[in-house]
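Each remark here refers to the structure printed beneath this line.
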Amino acid sequence: MVLNQEALLLLLDVSPPMHRFLPEVEKLCSMLLQKKLIYNKKDMVGIVLFGTKVLDAIVVGMDMMIKKFPSTKSGKIKKRLCLIASALCPTKGPCEGSKEDEVGTIADQMTAHGMRLECIVARKGAKWQYEYENNGGK
């Protein structure tokens, strides 16, 4: 495997409050994928669409990364989750414990498996300003 290889998983909120942002999200995702194809041909990209709970989507994304890149093979691959959501829907509380416990567990697992989480939040009236990897996608 290539030393600078990255696995990027886009977690895309498609719930009703996000519908008005979907044309802009489409442009953003298209730009990300084009830059990956041009500058980082060995990288891998996946997309998860979700319409309900953000925390569940993050857990699903983490699970996919863990299964695809077990710890024995993952040392050379950067793993990144990119959450794109409007954050307008309230999060439902977990069945047991608190949201803080659930978020803490997710953070611990992400750290243990060498994953990063980036969030892009869509807001009414805001323009998309996201510089991919701070260097134009390279």
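We label chains A, B, ... in the order they appear in the structure tokens, count residues from 1 in each chain, and number ligands from 1 in the order shown.
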
Which residues, written as a ChimeraX atom specification, have at least one atom at most 10 Å from segment 112-122 of chain A, with only C-alpha atoms counted and residues fewer than 4 positions away on the same chain left out? /A:7-12,18,20-22,24-25,58,62,65-66,69-71,74-75,77-88,106-108,126-130

So which one's closest to Asn4 of chain A, A:Arg123, A:Lys67, A:Lys53, A:Lys41? Using only C-alpha atoms, please.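 Going through A:Arg123, A:Lys67, A:Lys53, A:Lys41 one by one, the smallest distance to Asn4 of chain A is for A:Lys41.
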
Can you work out which one of A:Asp101, A:Gly46, A:His19, A:Asp56 has the shortest atom-to-atom distance to Leu32 of chain A, counting only C-alpha atoms?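 Closest to Leu32 of chain A of all the choices is A:Gly46.
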
d(atom CA of Val60 of chain A, atom CA of Pro17 of chain A) in Å: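 Between atom CA of Val60 of chain A and atom CA of Pro17 of chain A the gap works out to 21.2 Å.
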
Between A:Leu33, A:Thr52, A:Asp43, A:Glu26, which residue has the minimum interatomic distance to Asp13 of chain A, considering only C-alpha atoms?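 Using only C-alpha atoms, the shortest distance to Asp13 of chain A belongs to A:Thr52.
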
Taking the backbone alone, and naming residues the way the document does, which bits of segment 4-85 of chain A are helix (DSSP H, G or I) by DSSP, as an mmCIF file with all heavy atoms, in the first residue's frame?
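The new file part-v6.cif reads:
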```
data_model
loop_
_atom_site.group_PDB
_atom_site.id
_atom_site.type_symbol
_atom_site.label_atom_id
_atom_site.label_comp_id
_atom_site.auth_asym_id
_atom_site.auth_seq_id
_atom_site.Cartn_x
_atom_site.Cartn_y
_atom_site.Cartn_z
ATOM 1 N N PRO A 16 -35.094 15.795 5.767
ATOM 2 C CA PRO A 16 -35.843 16.921 5.190
ATOM 3 C C PRO A 16 -35.256 18.312 5.454
ATOM 4 O O PRO A 16 -35.226 19.136 4.536
ATOM 5 C CB PRO A 16 -37.242 16.764 5.807
ATOM 6 C CG PRO A 16 -37.371 15.289 6.001
ATOM 7 C CD PRO A 16 -35.992 14.828 6.419
ATOM 8 N N PRO A 17 -34.748 18.640 6.658
ATOM 9 C CA PRO A 17 -34.175 19.976 6.838
ATOM 10 C C PRO A 17 -32.943 20.234 5.957
ATOM 11 O O PRO A 17 -32.594 21.375 5.695
ATOM 12 C CB PRO A 17 -33.764 20.014 8.313
ATOM 13 C CG PRO A 17 -34.588 18.974 8.966
ATOM 14 C CD PRO A 17 -34.804 17.917 7.928
ATOM 15 N N MET A 18 -32.330 19.183 5.474
ATOM 16 C CA MET A 18 -31.118 19.312 4.661
ATOM 17 C C MET A 18 -31.434 19.461 3.172
ATOM 18 O O MET A 18 -30.554 19.824 2.390
ATOM 19 C CB MET A 18 -30.244 18.073 4.910
ATOM 20 C CG MET A 18 -28.870 18.117 4.372
ATOM 21 S SD MET A 18 -27.869 19.298 5.232
ATOM 22 C CE MET A 18 -26.343 19.027 4.366
ATOM 23 N N HIS A 19 -32.680 19.206 2.774
ATOM 24 C CA HIS A 19 -33.032 19.197 1.344
ATOM 25 C C HIS A 19 -32.693 20.496 0.638
ATOM 26 O O HIS A 19 -32.252 20.484 -0.510
ATOM 27 C CB HIS A 19 -34.512 18.857 1.160
ATOM 28 C CG HIS A 19 -34.816 17.425 1.447
ATOM 29 N ND1 HIS A 19 -36.078 16.913 1.356
ATOM 30 C CD2 HIS A 19 -34.029 16.382 1.828
ATOM 31 C CE1 HIS A 19 -36.065 15.624 1.668
ATOM 32 N NE2 HIS A 19 -34.824 15.289 1.965
ATOM 33 N N ARG A 20 -32.893 21.613 1.284
ATOM 34 C CA ARG A 20 -32.611 22.891 0.617
ATOM 35 C C ARG A 20 -31.123 23.111 0.371
ATOM 36 O O ARG A 20 -30.734 23.942 -0.438
ATOM 37 C CB ARG A 20 -33.198 24.051 1.400
ATOM 38 C CG ARG A 20 -32.560 24.250 2.750
ATOM 39 C CD ARG A 20 -33.182 25.405 3.468
ATOM 40 N NE ARG A 20 -32.688 25.442 4.842
ATOM 41 C CZ ARG A 20 -33.280 26.051 5.805
ATOM 42 N NH1 ARG A 20 -34.415 26.679 5.585
ATOM 43 N NH2 ARG A 20 -32.776 26.057 7.007
ATOM 44 N N PHE A 21 -30.268 22.368 1.085
ATOM 45 C CA PHE A 21 -28.828 22.510 0.924
ATOM 46 C C PHE A 21 -28.240 21.493 -0.059
ATOM 47 O O PHE A 21 -27.066 21.583 -0.412
ATOM 48 C CB PHE A 21 -28.117 22.333 2.270
ATOM 49 C CG PHE A 21 -28.532 23.325 3.311
ATOM 50 C CD1 PHE A 21 -29.277 22.927 4.407
ATOM 51 C CD2 PHE A 21 -28.190 24.659 3.190
ATOM 52 C CE1 PHE A 21 -29.660 23.833 5.376
ATOM 53 C CE2 PHE A 21 -28.568 25.580 4.149
ATOM 54 C CZ PHE A 21 -29.310 25.168 5.249
ATOM 55 N N LEU A 22 -29.044 20.515 -0.485
ATOM 56 C CA LEU A 22 -28.497 19.415 -1.286
ATOM 57 C C LEU A 22 -27.839 19.849 -2.599
ATOM 58 O O LEU A 22 -26.814 19.269 -2.972
ATOM 59 C CB LEU A 22 -29.560 18.341 -1.517
ATOM 60 C CG LEU A 22 -29.926 17.532 -0.272
ATOM 61 C CD1 LEU A 22 -31.000 16.496 -0.592
ATOM 62 C CD2 LEU A 22 -28.717 16.876 0.362
ATOM 63 N N PRO A 23 -28.349 20.859 -3.322
ATOM 64 C CA PRO A 23 -27.621 21.278 -4.529
ATOM 65 C C PRO A 23 -26.196 21.761 -4.223
ATOM 66 O O PRO A 23 -25.254 21.443 -4.942
ATOM 67 C CB PRO A 23 -28.486 22.408 -5.097
ATOM 68 C CG PRO A 23 -29.863 22.112 -4.595
ATOM 69 C CD PRO A 23 -29.653 21.529 -3.230
ATOM 70 N N GLU A 24 -26.038 22.509 -3.135
ATOM 71 C CA GLU A 24 -24.696 22.966 -2.744
ATOM 72 C C GLU A 24 -23.842 21.807 -2.258
ATOM 73 O O GLU A 24 -22.645 21.755 -2.518
ATOM 74 C CB GLU A 24 -24.795 24.048 -1.665
ATOM 75 C CG GLU A 24 -25.350 25.347 -2.159
ATOM 76 C CD GLU A 24 -24.439 25.993 -3.204
ATOM 77 O OE1 GLU A 24 -23.218 25.967 -3.054
ATOM 78 O OE2 GLU A 24 -24.981 26.522 -4.186
ATOM 79 N N VAL A 25 -24.465 20.881 -1.527
ATOM 80 C CA VAL A 25 -23.737 19.706 -1.045
ATOM 81 C C VAL A 25 -23.252 18.869 -2.221
ATOM 82 O O VAL A 25 -22.128 18.354 -2.213
ATOM 83 C CB VAL A 25 -24.627 18.863 -0.095
ATOM 84 C CG1 VAL A 25 -24.004 17.519 0.201
ATOM 85 C CG2 VAL A 25 -24.885 19.631 1.187
ATOM 86 N N GLU A 26 -24.089 18.754 -3.234
ATOM 87 C CA GLU A 26 -23.691 18.012 -4.432
ATOM 88 C C GLU A 26 -22.439 18.630 -5.058
ATOM 89 O O GLU A 26 -21.500 17.922 -5.434
ATOM 90 C CB GLU A 26 -24.833 17.999 -5.445
ATOM 91 C CG GLU A 26 -24.493 17.265 -6.725
ATOM 92 C CD GLU A 26 -25.598 17.344 -7.753
ATOM 93 O OE1 GLU A 26 -26.610 18.035 -7.516
ATOM 94 O OE2 GLU A 26 -25.428 16.719 -8.804
ATOM 95 N N LYS A 27 -22.411 19.954 -5.148
ATOM 96 C CA LYS A 27 -21.238 20.639 -5.703
ATOM 97 C C LYS A 27 -20.007 20.401 -4.839
ATOM 98 O O LYS A 27 -18.909 20.152 -5.347
ATOM 99 C CB LYS A 27 -21.500 22.145 -5.819
ATOM 100 C CG LYS A 27 -22.515 22.525 -6.864
ATOM 101 C CD LYS A 27 -22.774 24.015 -6.822
ATOM 102 C CE LYS A 27 -23.997 24.385 -7.637
ATOM 103 N NZ LYS A 27 -24.339 25.804 -7.481
ATOM 104 N N LEU A 28 -20.172 20.483 -3.525
ATOM 105 C CA LEU A 28 -19.068 20.272 -2.602
ATOM 106 C C LEU A 28 -18.504 18.857 -2.720
ATOM 107 O O LEU A 28 -17.292 18.670 -2.840
ATOM 108 C CB LEU A 28 -19.518 20.537 -1.161
ATOM 109 C CG LEU A 28 -18.490 20.258 -0.081
ATOM 110 C CD1 LEU A 28 -17.374 21.295 -0.136
ATOM 111 C CD2 LEU A 28 -19.152 20.258 1.279
ATOM 112 N N CYS A 29 -19.394 17.867 -2.704
ATOM 113 C CA CYS A 29 -18.959 16.469 -2.810
ATOM 114 C C CYS A 29 -18.294 16.210 -4.153
ATOM 115 O O CYS A 29 -17.285 15.494 -4.233
ATOM 116 C CB CYS A 29 -20.135 15.526 -2.603
ATOM 117 S SG CYS A 29 -20.757 15.524 -0.912
ATOM 118 N N SER A 30 -18.838 16.786 -5.202
ATOM 119 C CA SER A 30 -18.252 16.633 -6.533
ATOM 120 C C SER A 30 -16.834 17.203 -6.554
ATOM 121 O O SER A 30 -15.908 16.578 -7.088
ATOM 122 C CB SER A 30 -19.129 17.331 -7.564
ATOM 123 O OG SER A 30 -18.557 17.244 -8.840
ATOM 124 N N MET A 31 -16.646 18.365 -5.941
ATOM 125 C CA MET A 31 -15.317 18.976 -5.880
ATOM 126 C C MET A 31 -14.336 18.094 -5.105
ATOM 127 O O MET A 31 -13.209 17.865 -5.543
ATOM 128 C CB MET A 31 -15.387 20.348 -5.221
ATOM 129 C CG MET A 31 -14.024 21.028 -5.111
ATOM 130 S SD MET A 31 -13.976 22.378 -3.928
ATOM 131 C CE MET A 31 -14.205 21.533 -2.383
ATOM 132 N N LEU A 32 -14.784 17.576 -3.967
ATOM 133 C CA LEU A 32 -13.921 16.700 -3.177
ATOM 134 C C LEU A 32 -13.501 15.469 -3.969
ATOM 135 O O LEU A 32 -12.326 15.084 -3.985
ATOM 136 C CB LEU A 32 -14.635 16.269 -1.895
ATOM 137 C CG LEU A 32 -14.817 17.319 -0.819
ATOM 138 C CD1 LEU A 32 -15.719 16.791 0.272
ATOM 139 C CD2 LEU A 32 -13.486 17.734 -0.238
ATOM 140 N N LEU A 33 -14.465 14.844 -4.633
ATOM 141 C CA LEU A 33 -14.163 13.637 -5.403
ATOM 142 C C LEU A 33 -13.249 13.937 -6.587
ATOM 143 O O LEU A 33 -12.328 13.173 -6.884
ATOM 144 C CB LEU A 33 -15.452 12.971 -5.874
ATOM 145 C CG LEU A 33 -16.328 12.404 -4.757
ATOM 146 C CD1 LEU A 33 -17.650 11.917 -5.315
ATOM 147 C CD2 LEU A 33 -15.622 11.309 -4.008
ATOM 148 N N GLN A 34 -13.474 15.047 -7.275
ATOM 149 C CA GLN A 34 -12.612 15.417 -8.403
ATOM 150 C C GLN A 34 -11.177 15.631 -7.934
ATOM 151 O O GLN A 34 -10.234 15.157 -8.574
ATOM 152 C CB GLN A 34 -13.134 16.680 -9.086
ATOM 153 C CG GLN A 34 -14.369 16.452 -9.908
ATOM 154 C CD GLN A 34 -14.952 17.760 -10.446
ATOM 155 O OE1 GLN A 34 -14.341 18.812 -10.354
ATOM 156 N NE2 GLN A 34 -16.148 17.672 -11.009
ATOM 157 N N LYS A 35 -10.994 16.321 -6.824
ATOM 158 C CA LYS A 35 -9.642 16.558 -6.319
ATOM 159 C C LYS A 35 -8.983 15.256 -5.880
ATOM 160 O O LYS A 35 -7.779 15.082 -6.076
ATOM 161 C CB LYS A 35 -9.671 17.576 -5.199
ATOM 162 C CG LYS A 35 -10.005 18.954 -5.741
ATOM 163 C CD LYS A 35 -9.799 20.033 -4.744
ATOM 164 C CE LYS A 35 -10.136 21.348 -5.417
ATOM 165 N NZ LYS A 35 -9.493 22.471 -4.841
ATOM 166 N N LYS A 36 -9.755 14.360 -5.316
ATOM 167 C CA LYS A 36 -9.207 13.049 -4.950
ATOM 168 C C LYS A 36 -8.737 12.311 -6.197
ATOM 169 O O LYS A 36 -7.661 11.718 -6.214
ATOM 170 C CB LYS A 36 -10.249 12.204 -4.218
ATOM 171 C CG LYS A 36 -10.410 12.526 -2.781
ATOM 172 C CD LYS A 36 -9.245 12.024 -2.019
ATOM 173 C CE LYS A 36 -9.390 12.255 -0.550
ATOM 174 N NZ LYS A 36 -8.139 12.084 0.149
ATOM 175 N N LEU A 37 -9.557 12.312 -7.237
ATOM 176 C CA LEU A 37 -9.210 11.597 -8.468
ATOM 177 C C LEU A 37 -8.002 12.214 -9.169
ATOM 178 O O LEU A 37 -7.188 11.509 -9.762
ATOM 179 C CB LEU A 37 -10.398 11.574 -9.427
ATOM 180 C CG LEU A 37 -11.555 10.683 -9.017
ATOM 181 C CD1 LEU A 37 -12.751 10.912 -9.931
ATOM 182 C CD2 LEU A 37 -11.145 9.232 -9.042
ATOM 183 N N ILE A 38 -7.876 13.527 -9.099
ATOM 184 C CA ILE A 38 -6.778 14.204 -9.788
ATOM 185 C C ILE A 38 -5.473 14.097 -9.000
ATOM 186 O O ILE A 38 -4.439 13.736 -9.550
ATOM 187 C CB ILE A 38 -7.126 15.682 -10.051
ATOM 188 C CG1 ILE A 38 -8.275 15.763 -11.061
ATOM 189 C CG2 ILE A 38 -5.910 16.459 -10.548
ATOM 190 C CD1 ILE A 38 -8.875 17.153 -11.194
ATOM 191 N N TYR A 39 -5.511 14.411 -7.708
ATOM 192 C CA TYR A 39 -4.291 14.534 -6.928
ATOM 193 C C TYR A 39 -3.921 13.291 -6.128
ATOM 194 O O TYR A 39 -2.767 13.129 -5.750
ATOM 195 C CB TYR A 39 -4.391 15.723 -5.972
ATOM 196 C CG TYR A 39 -4.525 17.037 -6.687
ATOM 197 C CD1 TYR A 39 -5.710 17.752 -6.641
ATOM 198 C CD2 TYR A 39 -3.467 17.556 -7.417
ATOM 199 C CE1 TYR A 39 -5.835 18.968 -7.304
ATOM 200 C CE2 TYR A 39 -3.584 18.767 -8.083
ATOM 201 C CZ TYR A 39 -4.767 19.469 -8.018
ATOM 202 O OH TYR A 39 -4.892 20.665 -8.670
ATOM 203 N N VAL A 54 -27.506 11.495 13.750
ATOM 204 C CA VAL A 54 -26.117 11.793 13.401
ATOM 205 C C VAL A 54 -25.165 10.824 14.090
ATOM 206 O O VAL A 54 -24.247 10.292 13.464
ATOM 207 C CB VAL A 54 -25.766 13.252 13.768
ATOM 208 C CG1 VAL A 54 -24.294 13.525 13.594
ATOM 209 C CG2 VAL A 54 -26.589 14.219 12.938
ATOM 210 N N LEU A 55 -25.370 10.585 15.378
ATOM 211 C CA LEU A 55 -24.455 9.702 16.096
ATOM 212 C C LEU A 55 -24.480 8.287 15.527
ATOM 213 O O LEU A 55 -23.439 7.628 15.438
ATOM 214 C CB LEU A 55 -24.780 9.690 17.591
ATOM 215 C CG LEU A 55 -24.505 10.998 18.330
ATOM 216 C CD1 LEU A 55 -24.880 10.883 19.798
ATOM 217 C CD2 LEU A 55 -23.055 11.419 18.189
ATOM 218 N N ASP A 56 -25.658 7.820 15.119
ATOM 219 C CA ASP A 56 -25.738 6.492 14.498
ATOM 220 C C ASP A 56 -24.965 6.462 13.186
ATOM 221 O O ASP A 56 -24.308 5.476 12.865
ATOM 222 C CB ASP A 56 -27.200 6.093 14.250
ATOM 223 C CG ASP A 56 -27.918 5.706 15.531
ATOM 224 O OD1 ASP A 56 -27.253 5.567 16.573
ATOM 225 O OD2 ASP A 56 -29.144 5.540 15.486
ATOM 226 N N ALA A 57 -25.039 7.540 12.417
ATOM 227 C CA ALA A 57 -24.303 7.604 11.154
ATOM 228 C C ALA A 57 -22.800 7.557 11.397
ATOM 229 O O ALA A 57 -22.059 6.885 10.670
ATOM 230 C CB ALA A 57 -24.673 8.874 10.389
ATOM 231 N N ILE A 58 -22.333 8.236 12.424
ATOM 232 C CA ILE A 58 -20.908 8.209 12.750
ATOM 233 C C ILE A 58 -20.480 6.802 13.161
ATOM 234 O O ILE A 58 -19.432 6.311 12.736
ATOM 235 C CB ILE A 58 -20.582 9.245 13.849
ATOM 236 C CG1 ILE A 58 -20.809 10.659 13.310
ATOM 237 C CG2 ILE A 58 -19.149 9.075 14.355
ATOM 238 C CD1 ILE A 58 -20.739 11.742 14.364
ATOM 239 N N VAL A 59 -21.316 6.143 13.952
ATOM 240 C CA VAL A 59 -21.001 4.771 14.372
ATOM 241 C C VAL A 59 -20.957 3.830 13.169
ATOM 242 O O VAL A 59 -20.064 2.997 13.048
ATOM 243 C CB VAL A 59 -22.021 4.272 15.432
ATOM 244 C CG1 VAL A 59 -21.865 2.789 15.691
ATOM 245 C CG2 VAL A 59 -21.855 5.066 16.719
ATOM 246 N N VAL A 60 -21.897 3.976 12.246
ATOM 247 C CA VAL A 60 -21.902 3.147 11.031
ATOM 248 C C VAL A 60 -20.633 3.409 10.219
ATOM 249 O O VAL A 60 -19.976 2.476 9.754
ATOM 250 C CB VAL A 60 -23.166 3.420 10.177
ATOM 251 C CG1 VAL A 60 -23.040 2.825 8.788
ATOM 252 C CG2 VAL A 60 -24.400 2.869 10.875
ATOM 253 N N GLY A 61 -20.273 4.679 10.062
ATOM 254 C CA GLY A 61 -19.054 5.013 9.333
ATOM 255 C C GLY A 61 -17.814 4.428 9.987
ATOM 256 O O GLY A 61 -16.936 3.881 9.318
ATOM 257 N N MET A 62 -17.728 4.539 11.314
ATOM 258 C CA MET A 62 -16.597 3.958 12.041
ATOM 259 C C MET A 62 -16.534 2.451 11.836
ATOM 260 O O MET A 62 -15.463 1.888 11.592
ATOM 261 C CB MET A 62 -16.724 4.244 13.538
ATOM 262 C CG MET A 62 -16.398 5.639 13.933
ATOM 263 S SD MET A 62 -16.686 5.964 15.702
ATOM 264 C CE MET A 62 -16.141 4.488 16.496
ATOM 265 N N ASP A 63 -17.683 1.805 11.936
ATOM 266 C CA ASP A 63 -17.742 0.350 11.775
ATOM 267 C C ASP A 63 -17.268 -0.064 10.380
ATOM 268 O O ASP A 63 -16.524 -1.037 10.232
ATOM 269 C CB ASP A 63 -19.168 -0.137 12.037
ATOM 270 C CG ASP A 63 -19.269 -1.643 12.036
ATOM 271 O OD1 ASP A 63 -18.499 -2.289 12.787
ATOM 272 O OD2 ASP A 63 -20.099 -2.190 11.282
ATOM 273 N N MET A 64 -17.682 0.685 9.369
ATOM 274 C CA MET A 64 -17.249 0.379 7.999
ATOM 275 C C MET A 64 -15.732 0.500 7.877
ATOM 276 O O MET A 64 -15.076 -0.348 7.266
ATOM 277 C CB MET A 64 -17.933 1.316 7.003
ATOM 278 C CG MET A 64 -19.412 1.056 6.840
ATOM 279 S SD MET A 64 -20.216 2.279 5.785
ATOM 280 C CE MET A 64 -19.513 1.883 4.201
ATOM 281 N N MET A 65 -15.158 1.556 8.442
ATOM 282 C CA MET A 65 -13.710 1.755 8.385
ATOM 283 C C MET A 65 -12.966 0.643 9.132
ATOM 284 O O MET A 65 -11.958 0.136 8.649
ATOM 285 C CB MET A 65 -13.324 3.106 8.991
ATOM 286 C CG MET A 65 -13.692 4.273 8.141
ATOM 287 S SD MET A 65 -12.532 4.474 6.782
ATOM 288 C CE MET A 65 -12.784 6.190 6.434
ATOM 289 N N ILE A 66 -13.464 0.289 10.296
ATOM 290 C CA ILE A 66 -12.807 -0.743 11.105
ATOM 291 C C ILE A 66 -12.833 -2.086 10.374
ATOM 292 O O ILE A 66 -11.834 -2.808 10.340
ATOM 293 C CB ILE A 66 -13.469 -0.852 12.497
ATOM 294 C CG1 ILE A 66 -13.166 0.421 13.305
ATOM 295 C CG2 ILE A 66 -12.996 -2.095 13.235
ATOM 296 C CD1 ILE A 66 -13.995 0.571 14.562
ATOM 297 N N LYS A 67 -13.971 -2.414 9.768
ATOM 298 C CA LYS A 67 -14.064 -3.691 9.044
ATOM 299 C C LYS A 67 -13.226 -3.692 7.771
ATOM 300 O O LYS A 67 -12.631 -4.705 7.421
ATOM 301 C CB LYS A 67 -15.522 -3.998 8.714
ATOM 302 C CG LYS A 67 -16.309 -4.412 9.936
ATOM 303 C CD LYS A 67 -17.738 -4.724 9.603
ATOM 304 C CE LYS A 67 -18.465 -5.159 10.864
ATOM 305 N NZ LYS A 67 -19.875 -5.387 10.647
ATOM 306 N N LYS A 68 -13.156 -2.575 7.074
ATOM 307 C CA LYS A 68 -12.397 -2.496 5.829
ATOM 308 C C LYS A 68 -10.898 -2.456 6.093
ATOM 309 O O LYS A 68 -10.112 -3.006 5.333
ATOM 310 C CB LYS A 68 -12.845 -1.254 5.039
ATOM 311 C CG LYS A 68 -12.113 -1.036 3.742
ATOM 312 C CD LYS A 68 -12.519 -2.016 2.686
ATOM 313 C CE LYS A 68 -11.798 -1.699 1.383
ATOM 314 N NZ LYS A 68 -11.974 -2.717 0.395
ATOM 315 N N SER A 74 -4.018 -1.162 8.931
ATOM 316 C CA SER A 74 -4.380 0.254 8.856
ATOM 317 C C SER A 74 -3.240 1.218 9.150
ATOM 318 O O SER A 74 -3.421 2.413 9.034
ATOM 319 C CB SER A 74 -5.532 0.542 9.820
ATOM 320 O OG SER A 74 -5.084 0.349 11.144
ATOM 321 N N GLY A 75 -2.083 0.751 9.498
ATOM 322 C CA GLY A 75 -1.003 1.640 9.874
ATOM 323 C C GLY A 75 -0.592 2.609 8.784
ATOM 324 O O GLY A 75 -0.122 3.688 9.063
ATOM 325 N N LYS A 76 -0.761 2.254 7.541
ATOM 326 C CA LYS A 76 -0.299 3.094 6.441
ATOM 327 C C LYS A 76 -1.430 3.882 5.789
ATOM 328 O O LYS A 76 -1.196 4.618 4.852
ATOM 329 C CB LYS A 76 0.385 2.235 5.386
ATOM 330 C CG LYS A 76 1.631 1.556 5.912
ATOM 331 C CD LYS A 76 2.276 0.722 4.861
ATOM 332 C CE LYS A 76 3.497 0.018 5.409
ATOM 333 N NZ LYS A 76 4.114 -0.846 4.442
#
```
